[in-house]
Amino acid sequence: MHHSRIAAFLLGALLLGSLFLTFVATRNFHAVDAVLNAPPPEASKMIQTLGHQNARQLLHYLAGEENRGYFEAWELAQISLGIALVAFLLFGVEKRLLAGLAGAMLALTLFQHFKITPDLLWMGRSIDFLPAAAESQARDQFWKLHGIYGGIEVVKMLLAVTIAGFLFPMRRRRLRQRVEIDPVDYANHRHVNR
């Protein structure tokens with residue numbers, strides 16, 4: 001079995017999933033402004049009934065709820081993928097350094113999921129209906145936690161890229177070794193059948 005290929009697949013899934021979730025989360029909030037700036041006729045009537053500011057808060061709340069659900073689900077998926085990656089690197093590829101780096105990624109994800117995310121969810125919901133211009137200590141705390149969460153995501157991405165840097169050259173080295181070890185070069189096979 002090709003454990004390094006499976007480990008590379010799991011690592012790629014972690015990287016791609018994180019990048020995709022970042023794209024989706026930012027896109028959800030941009031969609032709120034897009035709908036409010038150029039609403040379809042049916043939505044325009046509803047927005048006028050609610051008022052522009054109330055409609056903005058409601059749509060912003062909806063985007064926030066979607067993002068909160070996505071992040072919770074992705075964290076659970078990251079934990080599962082992280083456990084599998086550590087196992088394949090430790091027992092399959094037998095590289096303790098790489099398993100340790102993957103273990104650090106897993107530990108950071110567990111910290112995010114059990115320590116930071118619950119606070120972010122609670123604070124996010126508590127500030128969703130505050131006016132944008134209002135000063136709020138909860139909003140300031142939310143953005144500090146959001147910054148910490150984002151910083152941890154960057155560290156996990158750097159760890160993943162580091163693992164990839166070690167993992168992929170190992171594959172190339174094995175291919176080169178096979179060519180050097182197992183050459184087929186028989187003198188009587190150099191002729192051409194005519």
# chains A, B, ... in the order shown; residues from 1 in each chain; ligands from 1

$ residues_around --residues "segment 47-64 of chain A" --least-positions-apart "4" --cutoff "10 Å" --atoms "only C-alpha atoms" --output "list in words"
Ala25, Thr26, Arg27, Asn28, Phe29, His30, Ala31, Val32, Asp33, Val35, Leu36, Asn37, Pro39, Pro41, Glu42, Ala43, Arg68, Gly69, Tyr70, Leu121, Gly124, Arg125, Ile127, Asp128, Phe129, Leu130, Pro131 and Ala132 of chain A

$ write_last_selection --atoms "C-alpha atoms" --output "tab-separated table (two decimals), in the first residue's frame"
chain	number	residue	atom	x	y	z
A	25	ALA	CA	-16.91	32.58	4.30
A	26	THR	CA	-15.77	35.84	2.73
A	27	ARG	CA	-18.06	35.34	-0.25
A	28	ASN	CA	-21.12	34.98	2.01
A	29	PHE	CA	-20.63	38.46	3.45
A	30	HIS	CA	-19.96	39.98	0.03
A	31	ALA	CA	-23.23	38.44	-1.16
A	32	VAL	CA	-25.11	40.49	1.44
A	33	ASP	CA	-23.81	43.74	-0.07
A	35	VAL	CA	-28.07	41.68	-2.82
A	36	LEU	CA	-28.62	45.01	-1.09
A	37	ASN	CA	-26.93	47.04	-3.86
A	39	PRO	CA	-31.78	43.43	-5.40
A	41	PRO	CA	-37.64	43.45	-7.85
A	42	GLU	CA	-39.28	41.02	-5.42
A	43	ALA	CA	-36.51	41.42	-2.86
A	68	ARG	CA	-20.68	29.45	11.86
A	69	GLY	CA	-22.19	26.17	10.68
A	70	TYR	CA	-19.54	25.74	7.99
A	121	LEU	CA	-20.12	31.60	18.07
A	124	GLY	CA	-20.84	36.56	16.94
A	125	ARG	CA	-24.50	36.01	17.69
A	127	ILE	CA	-23.14	41.36	18.05
A	128	ASP	CA	-25.00	40.44	14.86
A	129	PHE	CA	-27.78	42.97	15.46
A	130	LEU	CA	-25.67	45.79	16.83
A	131	PRO	CA	-25.59	48.86	14.59
A	132	ALA	CA	-22.39	48.97	12.53

$ residues_around --residues "segment 106-117 of chain A" --least-positions-apart "4" --cutoff "12 Å" --atoms "only C-alpha atoms" --output "PyMOL selection string"
chain A and resi 11+14+18+67-87+99-102+121-124+141-157+159-160

$ atom_distance --atom1 "atom CA of Leu97 of chain A" --atom2 "atom CA of Phe166 of chain A"
9.6 Å

$ atom_distance --atom1 "atom CA of Leu158 of chain A" --atom2 "atom CA of Met105 of chain A"
9.6 Å

$ atom_distance --atom1 "atom CA of Gly92 of chain A" --atom2 "atom CA of Ala164 of chain A"
15.7 Å

$ select_by_dssp --residues "segment 17-158 of chain A" --states "alpha helix (DSSP H)" --output "compact mmCIF listing (two decimals) with C-alpha atoms, in the first residue's frame"
# COMPACT_ATOMS: atom_id res chain seq x y z
CA GLY A 17 -10.72 22.50 2.42
CA SER A 18 -9.22 25.37 4.40
CA LEU A 19 -8.74 27.51 1.30
CA PHE A 20 -12.24 26.73 0.06
CA LEU A 21 -13.83 27.55 3.43
CA THR A 22 -11.98 30.88 3.54
CA PHE A 23 -13.34 31.69 0.10
CA VAL A 24 -16.90 30.68 1.00
CA ALA A 25 -16.91 32.58 4.30
CA THR A 26 -15.77 35.84 2.73
CA ARG A 27 -18.06 35.34 -0.25
CA ASN A 28 -21.12 34.98 2.01
CA PHE A 29 -20.63 38.46 3.45
CA HIS A 30 -19.96 39.98 0.03
CA ALA A 31 -23.23 38.44 -1.16
CA VAL A 32 -25.11 40.49 1.44
CA ASP A 33 -23.81 43.74 -0.07
CA ALA A 34 -24.43 42.48 -3.60
CA VAL A 35 -28.07 41.68 -2.82
CA LEU A 36 -28.62 45.01 -1.09
CA ASN A 37 -26.93 47.04 -3.86
CA PRO A 41 -37.64 43.45 -7.85
CA GLU A 42 -39.28 41.02 -5.42
CA ALA A 43 -36.51 41.42 -2.86
CA SER A 44 -36.46 45.19 -3.36
CA LYS A 45 -40.04 45.43 -2.06
CA MET A 46 -39.12 43.35 1.01
CA ILE A 47 -36.03 45.44 1.66
CA GLN A 48 -38.11 48.63 1.47
CA THR A 49 -40.61 47.15 3.92
CA LEU A 50 -37.88 46.16 6.39
CA HIS A 52 -32.24 49.06 4.30
CA GLN A 53 -30.43 48.88 7.68
CA ASN A 54 -32.74 46.18 9.09
CA ALA A 55 -32.47 44.12 5.90
CA ARG A 56 -28.68 44.45 6.04
CA GLN A 57 -28.59 43.23 9.65
CA LEU A 58 -30.90 40.32 8.88
CA LEU A 59 -28.90 39.22 5.81
CA HIS A 60 -25.63 39.71 7.69
CA TYR A 61 -26.99 37.52 10.49
CA LEU A 62 -27.95 34.84 7.94
CA ALA A 63 -24.46 34.91 6.38
CA GLY A 64 -22.93 34.71 9.87
CA GLU A 65 -25.08 31.71 10.80
CA GLU A 66 -24.10 29.92 7.60
CA ASN A 67 -20.42 30.61 8.24
CA ARG A 68 -20.68 29.45 11.86
CA GLY A 69 -22.19 26.17 10.68
CA TYR A 70 -19.54 25.74 7.99
CA PHE A 71 -16.69 26.37 10.42
CA GLU A 72 -18.04 23.93 13.02
CA ALA A 73 -18.51 21.21 10.38
CA TRP A 74 -15.07 21.87 8.84
CA GLU A 75 -13.38 21.68 12.23
CA LEU A 76 -14.92 18.24 12.81
CA ALA A 77 -13.77 17.17 9.34
CA GLN A 78 -10.28 18.55 10.07
CA ILE A 79 -10.12 16.56 13.29
CA SER A 80 -11.01 13.35 11.43
CA LEU A 81 -8.59 14.05 8.58
CA GLY A 82 -5.90 15.08 11.08
CA ILE A 83 -6.19 11.84 13.05
CA ALA A 84 -5.95 9.83 9.81
CA LEU A 85 -2.96 11.89 8.62
CA VAL A 86 -1.07 11.44 11.89
CA ALA A 87 -1.76 7.71 11.79
CA ARG A 96 7.94 10.72 13.35
CA LEU A 97 8.86 14.32 12.51
CA LEU A 98 6.08 14.57 9.95
CA ALA A 99 3.64 12.83 12.30
CA GLY A 100 4.63 15.33 15.00
CA LEU A 101 3.96 18.27 12.66
CA ALA A 102 0.59 16.76 11.71
CA GLY A 103 -0.07 16.19 15.41
CA ALA A 104 0.61 19.89 16.03
CA MET A 105 -1.95 20.73 13.33
CA LEU A 106 -4.44 18.42 15.00
CA ALA A 107 -3.77 19.93 18.45
CA LEU A 108 -4.32 23.44 17.05
CA THR A 109 -7.60 22.33 15.46
CA LEU A 110 -8.76 20.79 18.74
CA PHE A 111 -7.87 24.03 20.54
CA THR A 117 -15.01 28.52 18.34
CA PRO A 118 -17.60 28.33 21.16
CA ASP A 119 -16.65 31.88 22.24
CA LEU A 120 -16.68 33.09 18.64
CA LEU A 121 -20.12 31.60 18.07
CA TRP A 122 -21.56 33.16 21.20
CA MET A 123 -19.97 36.56 20.64
CA GLY A 124 -20.84 36.56 16.94
CA ARG A 125 -24.50 36.01 17.69
CA SER A 126 -24.46 38.66 20.40
CA ILE A 127 -23.14 41.36 18.05
CA GLN A 137 -16.56 45.80 23.84
CA ALA A 138 -18.06 42.46 22.72
CA ARG A 139 -17.34 43.36 19.08
CA ASP A 140 -13.74 44.26 19.95
CA GLN A 141 -13.33 40.95 21.79
CA PHE A 142 -14.91 39.09 18.86
CA TRP A 143 -12.41 40.58 16.40
CA LYS A 144 -9.49 39.75 18.71
CA LEU A 145 -10.63 36.12 18.89
CA HIS A 146 -11.25 36.13 15.14
CA GLY A 147 -7.66 37.34 14.64
CA ILE A 148 -6.32 34.57 16.88
CA TYR A 149 -8.40 32.01 14.98
CA GLY A 150 -7.06 33.32 11.66
CA GLY A 151 -3.49 33.28 12.99
CA ILE A 152 -3.88 29.65 14.01
CA GLU A 153 -5.21 28.86 10.52
CA VAL A 154 -2.09 30.44 8.99
CA VAL A 155 0.16 28.40 11.31
CA LYS A 156 -1.69 25.19 10.34
CA MET A 157 -1.30 26.03 6.64
CA LEU A 158 2.44 26.61 7.13
